[in-house]
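Following: one structure in structure tokens, then a few remarks.
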Amino acid sequence: CVELPKTSDIMDCLANSLYRCPEPVLQVSAWTPIESVLGDFIQKGEESAFYVVDLGSVIMKYFEFVRQLPRIKPHYAVKCNPDEQIIRILAELGCNFDCASKAEISLVNSCGVSGERIIYANPCKPESHLRYAVEHGVDWVTFDNKDELEKISRVSSKIRAVLRIATEDHESLCPLSSKFGALPDEVMELLLLAKHLGVHVEGVAFHVGSGCRSVQTYIRALYQSREIFNLAEDLGMEPFHLLDIGGGFPGFDGESPITFYDICCGIRDTIDCLFPVDQVKVIAEPGRYFVSSAFTLATRIIARRFRTQIQEAGVSRLKASFCLQEDISHSDLVADYYIDDGVYGSFRDVVSLGVTFYPKTFISSHAVIDYSRFVRSCVFGPTCDSIDCIIRNYPLPILEVGDWLYFTNMGAYTVSLASCFNGFSCPNIKYICAL
Ligand code: PLP
């Protein structure tokens with residue numbers, strides 16, 4: 001195990017990266033409650049949804065990764081959250097990058113990262129993006145089909161191709177292998193074609209699906225990869241030197257039945273045993289692991305309505321309620337709250353993956369919340385679409401228009417998936433560093 005760096009080293013690294021960051025960063029102690037940080041920003045004038053991003057959390061996650069998996073070089077998956085400050089901090093720490101397109105390569109380059117620190121890990125790419133990658137010094141490129149190999153051979157002989165294989169990732173929150181990865185019975189043909197075309201194959205890549213729920217999925221993929229290393233040797237190819245174990249690590253404890261540590265303990269020895277240190281370089285492409293817990297989203301209640309649920313002739317129906325004192329004491333009161341971010345913004349995973357985001361109440365200076373009474377509440381996003389609903393039947397106290405709800409662990413696949421549907425833009429971002 002490597003030692004955790006000294007706080008002074010972390011602060012130096014932070015000072016260096018912040019020096020290059022265009023945005024101001026508020027330094028707070030690690031013990032400062034997030035509610036108090038949110039309250040400060042609101043007092044300073046935030047009026048609509050905003051993110052608080054703790055860069056200190058990203059730094060600690062990076063050091064934890066290299067401590068737990070000292071042999072594995074992380075390549076942050078930019079698609080997860082292309083925040084420039086985060087890219088700069090990770091770059092400063094020594095992290096490399098996984099890019100999926102020309103725009104991501106350009107973004108990472110613009111943060112001072114050269115092409116040799118990037119893997120172009122999208123197995124199906126427009127040829128123009130591939131040319132751009134090569135022109136910008138990116139050598140490692142994944143592929144999983146014949147056309148892609150031909151594309152690679154047309155574009156440049158400098159490319160060091162990496163064969164992406166499918167995994168048994170059905171248990172993961174977001175399985176990827178129905179779309180990407182060569183099947184076991186396709187591998188031999190692909191390797192023979194690479195040999196025939198003179199494409200240099202550097203090694204094997206896999207992804208166990210984002211939000212992996214089983215260590216066994218990694219272990220199976222490691223054994224599968226070893227078989228392909230052996231096959232390449234049997235086919236008389238140059239021995240493979242690269243293993244890319246992809247992402248899939250949970251973003252925070254409780255997100256998945258397995259923790260980051262379970263995965264590390266499960267894979268460390270298997271990797272060393274199957275892929276000797278002096279022969280194989282191992283990399284990973286963590287996305288959600290680095291950023292999930294760094295982001296807290298504060299949203300504002302922009303509208304609300306109350307109704308009473310009544311039973312008539314065995315059928316449940318909603319009846320008008322104006323939230324008068326007598327309604328509030330009614331046990332069947334239900335509330336609808338409309339907030340200024342929704343499933344077309346940061347909460348896309350509610351509809352695409354069925355993820356549940358739990359709101360937390362936040363006392364603003366304008367209202368004192370009465371926690372003596374909770375009512376069944378729906379929280380809707382701001383657009384005109386009825387699927388724009390974040391959570392239903394969730395107990396919340398009675399809240400006012402102008403009050404705030406906040407959500408923790410909001411860094412992964414939120415900002416990067418948001419659209420401007422109905423003219424709503426992405427929340428402001430405020431940076432802090434809690435160390
Ligand atoms: N690498 C590739 C090729 C991916 O497609 C993804 C996510 O889709 C990642 C890495 C990041 O995965 P995660 O956020 O689960 O770590």
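FYI, nothing fancy with the structure tokens labels: chains A, B, ... in order, residues from 1 per chain, ligands from 1 as they appear.
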- Item | Close residues, Ile432 of chain A itself excluded, 8 Å, only C-alpha atoms, min 3 positions apart in chain, as a list in words |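 Those residues are Val25, Leu26, Gln27, Val28, Val52, Val53, Asp54, Leu55 and Gly56 of chain A.
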Neighbourhood of ligand 1 at 8 Å, counting only C-alpha atoms and all ligand atoms, reported as an mmCIF file with N, CA and C atoms, in the first residue's frame:
data_model
loop_
_atom_site.group_PDB
_atom_site.id
_atom_site.type_symbol
_atom_site.label_atom_id
_atom_site.label_comp_id
_atom_site.auth_asym_id
_atom_site.auth_seq_id
_atom_site.Cartn_x
_atom_site.Cartn_y
_atom_site.Cartn_z
ATOM 1 N N TYR A 76 -9.773 9.233 -15.742
ATOM 2 C CA TYR A 76 -11.122 9.716 -15.410
ATOM 3 C C TYR A 76 -12.016 9.739 -16.663
ATOM 4 N N ALA A 77 -13.216 9.128 -16.546
ATOM 5 C CA ALA A 77 -14.167 9.082 -17.677
ATOM 6 C C ALA A 77 -14.898 10.417 -17.757
ATOM 7 N N LYS A 79 -17.008 11.700 -19.669
ATOM 8 C CA LYS A 79 -18.448 11.685 -19.961
ATOM 9 C C LYS A 79 -19.292 11.779 -18.696
ATOM 10 N N CYS A 80 -18.755 11.305 -17.593
ATOM 11 C CA CYS A 80 -19.507 11.250 -16.347
ATOM 12 C C CYS A 80 -19.827 12.656 -15.835
ATOM 13 N N ASP A 98 -10.156 9.303 -19.861
ATOM 14 C CA ASP A 98 -10.867 8.511 -20.874
ATOM 15 C C ASP A 98 -11.817 9.468 -21.587
ATOM 16 N N ALA A 100 -14.502 10.214 -24.999
ATOM 17 C CA ALA A 100 -15.406 9.470 -25.879
ATOM 18 C C ALA A 100 -15.632 10.189 -27.201
ATOM 19 N N ALA A 121 -11.793 5.912 -25.591
ATOM 20 C CA ALA A 121 -12.417 4.642 -25.209
ATOM 21 C C ALA A 121 -13.870 4.541 -25.662
ATOM 22 N N ASN A 122 -14.100 4.950 -26.891
ATOM 23 C CA ASN A 122 -15.433 4.732 -27.467
ATOM 24 C C ASN A 122 -15.238 3.789 -28.651
ATOM 25 N N PRO A 123 -15.713 2.549 -28.541
ATOM 26 C CA PRO A 123 -15.369 1.568 -29.582
ATOM 27 C C PRO A 123 -15.942 1.912 -30.958
ATOM 28 N N CYS A 174 -26.261 0.192 -14.864
ATOM 29 C CA CYS A 174 -26.343 0.557 -16.281
ATOM 30 C C CYS A 174 -25.453 -0.382 -17.092
ATOM 31 N N LEU A 176 -23.603 -2.149 -20.100
ATOM 32 C CA LEU A 176 -23.139 -1.539 -21.354
ATOM 33 C C LEU A 176 -22.883 -2.585 -22.437
ATOM 34 N N PHE A 206 -12.274 -3.813 -20.810
ATOM 35 C CA PHE A 206 -13.662 -4.219 -20.534
ATOM 36 C C PHE A 206 -14.319 -3.191 -19.644
ATOM 37 N N HIS A 207 -15.639 -3.239 -19.560
ATOM 38 C CA HIS A 207 -16.391 -2.405 -18.618
ATOM 39 C C HIS A 207 -17.483 -3.284 -18.040
ATOM 40 N N GLY A 209 -20.096 -2.442 -16.565
ATOM 41 C CA GLY A 209 -21.367 -1.728 -16.443
ATOM 42 C C GLY A 209 -21.249 -0.682 -15.363
ATOM 43 N N SER A 210 -21.891 0.455 -15.579
ATOM 44 C CA SER A 210 -21.772 1.533 -14.608
ATOM 45 C C SER A 210 -22.626 1.199 -13.384
ATOM 46 N N GLY A 211 -22.065 1.449 -12.195
ATOM 47 C CA GLY A 211 -22.781 1.079 -10.966
ATOM 48 C C GLY A 211 -22.780 -0.433 -10.809
ATOM 49 N N CYS A 212 -21.583 -1.013 -10.796
ATOM 50 C CA CYS A 212 -21.463 -2.483 -10.715
ATOM 51 C C CYS A 212 -21.938 -2.970 -9.343
ATOM 52 N N GLY A 246 -11.755 -0.585 -17.055
ATOM 53 C CA GLY A 246 -12.949 0.264 -17.186
ATOM 54 C C GLY A 246 -13.367 0.949 -15.897
ATOM 55 N N GLY A 247 -14.693 1.218 -15.787
ATOM 56 C CA GLY A 247 -15.222 1.909 -14.603
ATOM 57 C C GLY A 247 -16.113 0.958 -13.821
ATOM 58 N N GLY A 248 -17.240 1.496 -13.319
ATOM 59 C CA GLY A 248 -18.193 0.644 -12.605
ATOM 60 C C GLY A 248 -18.124 0.778 -11.093
ATOM 61 N N PHE A 249 -17.080 1.444 -10.570
ATOM 62 C CA PHE A 249 -16.925 1.581 -9.112
ATOM 63 C C PHE A 249 -18.016 2.503 -8.561
ATOM 64 N N PRO A 250 -18.596 2.156 -7.399
ATOM 65 C CA PRO A 250 -19.682 3.009 -6.874
ATOM 66 C C PRO A 250 -19.190 4.407 -6.509
ATOM 67 N N ALA A 284 -7.575 1.987 -15.443
ATOM 68 C CA ALA A 284 -9.024 1.927 -15.189
ATOM 69 C C ALA A 284 -9.637 3.228 -15.679
ATOM 70 N N GLU A 285 -10.953 3.227 -15.826
ATOM 71 C CA GLU A 285 -11.655 4.430 -16.316
ATOM 72 C C GLU A 285 -12.775 4.821 -15.354
ATOM 73 N N PRO A 286 -12.447 5.131 -14.100
ATOM 74 C CA PRO A 286 -13.531 5.473 -13.163
ATOM 75 C C PRO A 286 -14.196 6.796 -13.528
ATOM 76 N N GLY A 287 -15.509 6.814 -13.452
ATOM 77 C CA GLY A 287 -16.268 8.040 -13.667
ATOM 78 C C GLY A 287 -16.961 8.403 -12.376
ATOM 79 N N ARG A 288 -18.077 7.703 -12.077
ATOM 80 C CA ARG A 288 -18.892 8.077 -10.911
ATOM 81 C C ARG A 288 -18.095 8.023 -9.607
ATOM 82 N N TYR A 289 -17.123 7.118 -9.508
ATOM 83 C CA TYR A 289 -16.338 7.011 -8.276
ATOM 84 C C TYR A 289 -15.752 8.373 -7.861
ATOM 85 N N ALA A 412 -22.574 12.412 -10.695
ATOM 86 C CA ALA A 412 -22.366 11.500 -11.826
ATOM 87 C C ALA A 412 -23.576 11.467 -12.748
ATOM 88 N N TYR A 413 -23.324 11.675 -14.008
ATOM 89 C CA TYR A 413 -24.367 11.591 -15.047
ATOM 90 C C TYR A 413 -25.578 12.467 -14.699
#
- Item | Selected residue of minimal separation from Thr217 of chain A among A:Glu35, A:Glu202, A:Asp169, A:Glu255, counting only C-alpha atoms | A:Asp169
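Summary of the local environment: counting only C-alpha atoms, residues at most 6 Å from segment 347-363 of chain A, other than itself and those fewer than 2 positions away along its chain, are Gly342, Val343, Tyr344, Gly345, Trp404, Leu405, Tyr406 and Phe407 of chain A.
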- Task: Enumerate, as a PyMOL selection string, the complete set of residues in segment 34-239 of chain A that a backbone-based DSSP assignment places in strand (DSSP E).
- Result: chain A and resi 50-54+72-77+96-99+118-120+140-143+160-165+200-206
Requested write-out: N, CA and C atoms of the selected residues, as a short mmCIF file (atom, residue, chain, number, x, y, z; two decimals), in the first residue's frame:
data_model
loop_
_atom_site.label_atom_id
_atom_site.label_comp_id
_atom_site.auth_asym_id
_atom_site.auth_seq_id
_atom_site.Cartn_x
_atom_site.Cartn_y
_atom_site.Cartn_z
N PHE A 50 -28.70 25.60 -7.71
CA PHE A 50 -27.24 25.71 -7.87
C PHE A 50 -26.55 24.48 -7.27
N TYR A 51 -25.39 24.19 -7.81
CA TYR A 51 -24.59 23.08 -7.31
C TYR A 51 -23.49 23.61 -6.39
N VAL A 52 -23.22 22.88 -5.32
CA VAL A 52 -22.00 23.11 -4.56
C VAL A 52 -21.09 21.91 -4.83
N VAL A 53 -19.90 22.19 -5.33
CA VAL A 53 -18.97 21.12 -5.71
C VAL A 53 -17.77 21.16 -4.78
N ASP A 54 -17.56 20.07 -4.07
CA ASP A 54 -16.44 20.01 -3.13
C ASP A 54 -15.23 19.38 -3.83
N ILE A 72 -2.78 0.46 -10.55
CA ILE A 72 -3.72 0.80 -11.63
C ILE A 72 -3.76 2.30 -11.86
N LYS A 73 -3.48 2.71 -13.10
CA LYS A 73 -3.49 4.14 -13.41
C LYS A 73 -4.90 4.56 -13.78
N PRO A 74 -5.52 5.45 -12.97
CA PRO A 74 -6.89 5.86 -13.31
C PRO A 74 -6.93 6.84 -14.49
N HIS A 75 -7.90 6.63 -15.37
CA HIS A 75 -8.18 7.55 -16.48
C HIS A 75 -9.61 8.02 -16.26
N TYR A 76 -9.77 9.23 -15.74
CA TYR A 76 -11.12 9.72 -15.41
C TYR A 76 -12.02 9.74 -16.66
N ALA A 77 -13.22 9.13 -16.55
CA ALA A 77 -14.17 9.08 -17.68
C ALA A 77 -14.90 10.42 -17.76
N ASN A 96 -5.01 10.41 -15.43
CA ASN A 96 -5.16 10.46 -16.89
C ASN A 96 -6.64 10.45 -17.24
N PHE A 97 -6.98 10.40 -18.55
CA PHE A 97 -8.37 10.62 -18.94
C PHE A 97 -8.86 9.63 -20.00
N ASP A 98 -10.16 9.30 -19.86
CA ASP A 98 -10.87 8.51 -20.87
C ASP A 98 -11.82 9.47 -21.59
N CYS A 99 -11.63 9.61 -22.90
CA CYS A 99 -12.50 10.50 -23.68
C CYS A 99 -13.30 9.69 -24.68
N ILE A 118 -4.34 10.28 -22.63
CA ILE A 118 -5.77 10.06 -22.94
C ILE A 118 -5.95 8.71 -23.62
N ILE A 119 -7.01 8.00 -23.23
CA ILE A 119 -7.44 6.84 -24.02
C ILE A 119 -8.76 7.22 -24.68
N TYR A 120 -8.84 6.97 -25.98
CA TYR A 120 -10.09 7.23 -26.71
C TYR A 120 -10.91 5.94 -26.60
N TRP A 140 -3.90 5.44 -27.72
CA TRP A 140 -4.74 4.30 -27.31
C TRP A 140 -6.18 4.51 -27.75
N VAL A 141 -6.69 3.53 -28.49
CA VAL A 141 -8.03 3.65 -29.06
C VAL A 141 -8.71 2.29 -28.95
N THR A 142 -9.93 2.26 -28.42
CA THR A 142 -10.59 0.95 -28.31
C THR A 142 -11.39 0.63 -29.58
N PHE A 143 -11.61 -0.66 -29.80
CA PHE A 143 -12.42 -1.12 -30.94
C PHE A 143 -13.11 -2.42 -30.52
N ARG A 160 -2.45 2.52 -31.18
CA ARG A 160 -2.29 1.28 -30.40
C ARG A 160 -3.70 0.85 -29.98
N ALA A 161 -4.23 -0.10 -30.73
CA ALA A 161 -5.63 -0.48 -30.57
C ALA A 161 -5.82 -1.37 -29.35
N VAL A 162 -6.97 -1.20 -28.70
CA VAL A 162 -7.29 -1.99 -27.50
C VAL A 162 -8.64 -2.66 -27.74
N LEU A 163 -8.65 -3.98 -27.65
CA LEU A 163 -9.88 -4.74 -27.95
C LEU A 163 -10.85 -4.68 -26.76
N ARG A 164 -12.00 -4.06 -26.97
CA ARG A 164 -13.04 -4.02 -25.91
C ARG A 164 -13.86 -5.29 -25.99
N ILE A 165 -13.96 -5.98 -24.87
CA ILE A 165 -14.75 -7.22 -24.85
C ILE A 165 -16.03 -7.02 -24.04
N HIS A 200 -1.66 -2.54 -34.79
CA HIS A 200 -1.01 -2.98 -33.55
C HIS A 200 -2.03 -3.06 -32.42
N VAL A 201 -2.24 -4.25 -31.88
CA VAL A 201 -3.18 -4.38 -30.75
C VAL A 201 -2.36 -4.42 -29.46
N GLU A 202 -2.70 -3.49 -28.57
CA GLU A 202 -1.91 -3.31 -27.36
C GLU A 202 -2.43 -4.15 -26.18
N GLY A 203 -3.76 -4.44 -26.22
CA GLY A 203 -4.29 -5.20 -25.10
C GLY A 203 -5.81 -5.27 -25.12
N VAL A 204 -6.37 -5.47 -23.93
CA VAL A 204 -7.80 -5.74 -23.79
C VAL A 204 -8.43 -4.72 -22.84
N ALA A 205 -9.66 -4.28 -23.18
CA ALA A 205 -10.42 -3.39 -22.30
C ALA A 205 -11.78 -4.03 -22.01
N PHE A 206 -12.27 -3.81 -20.81
CA PHE A 206 -13.66 -4.22 -20.53
C PHE A 206 -14.32 -3.19 -19.64
#
- Using the chain letters and numbers from this document, which residues of segment 220-416 of chain A does DSSP assign to alpha helix (DSSP H), as an MDAnalysis selection string? chainID A and resid 220:234 260:274 288:291 325:328 348:353
- Closest to Gly411 of chain A among A:Thr296, A:Gln309, A:Ser156, A:Ser372, using only C-alpha atoms?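 So, comparing all the options, the nearest one is A:Thr296.
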- Rank nothing, just name the residue among A:Leu243, A:Glu189, A:Ile398, A:Gly251 nearest to Leu231 of chain A, using only C-alpha atoms. A:Glu189
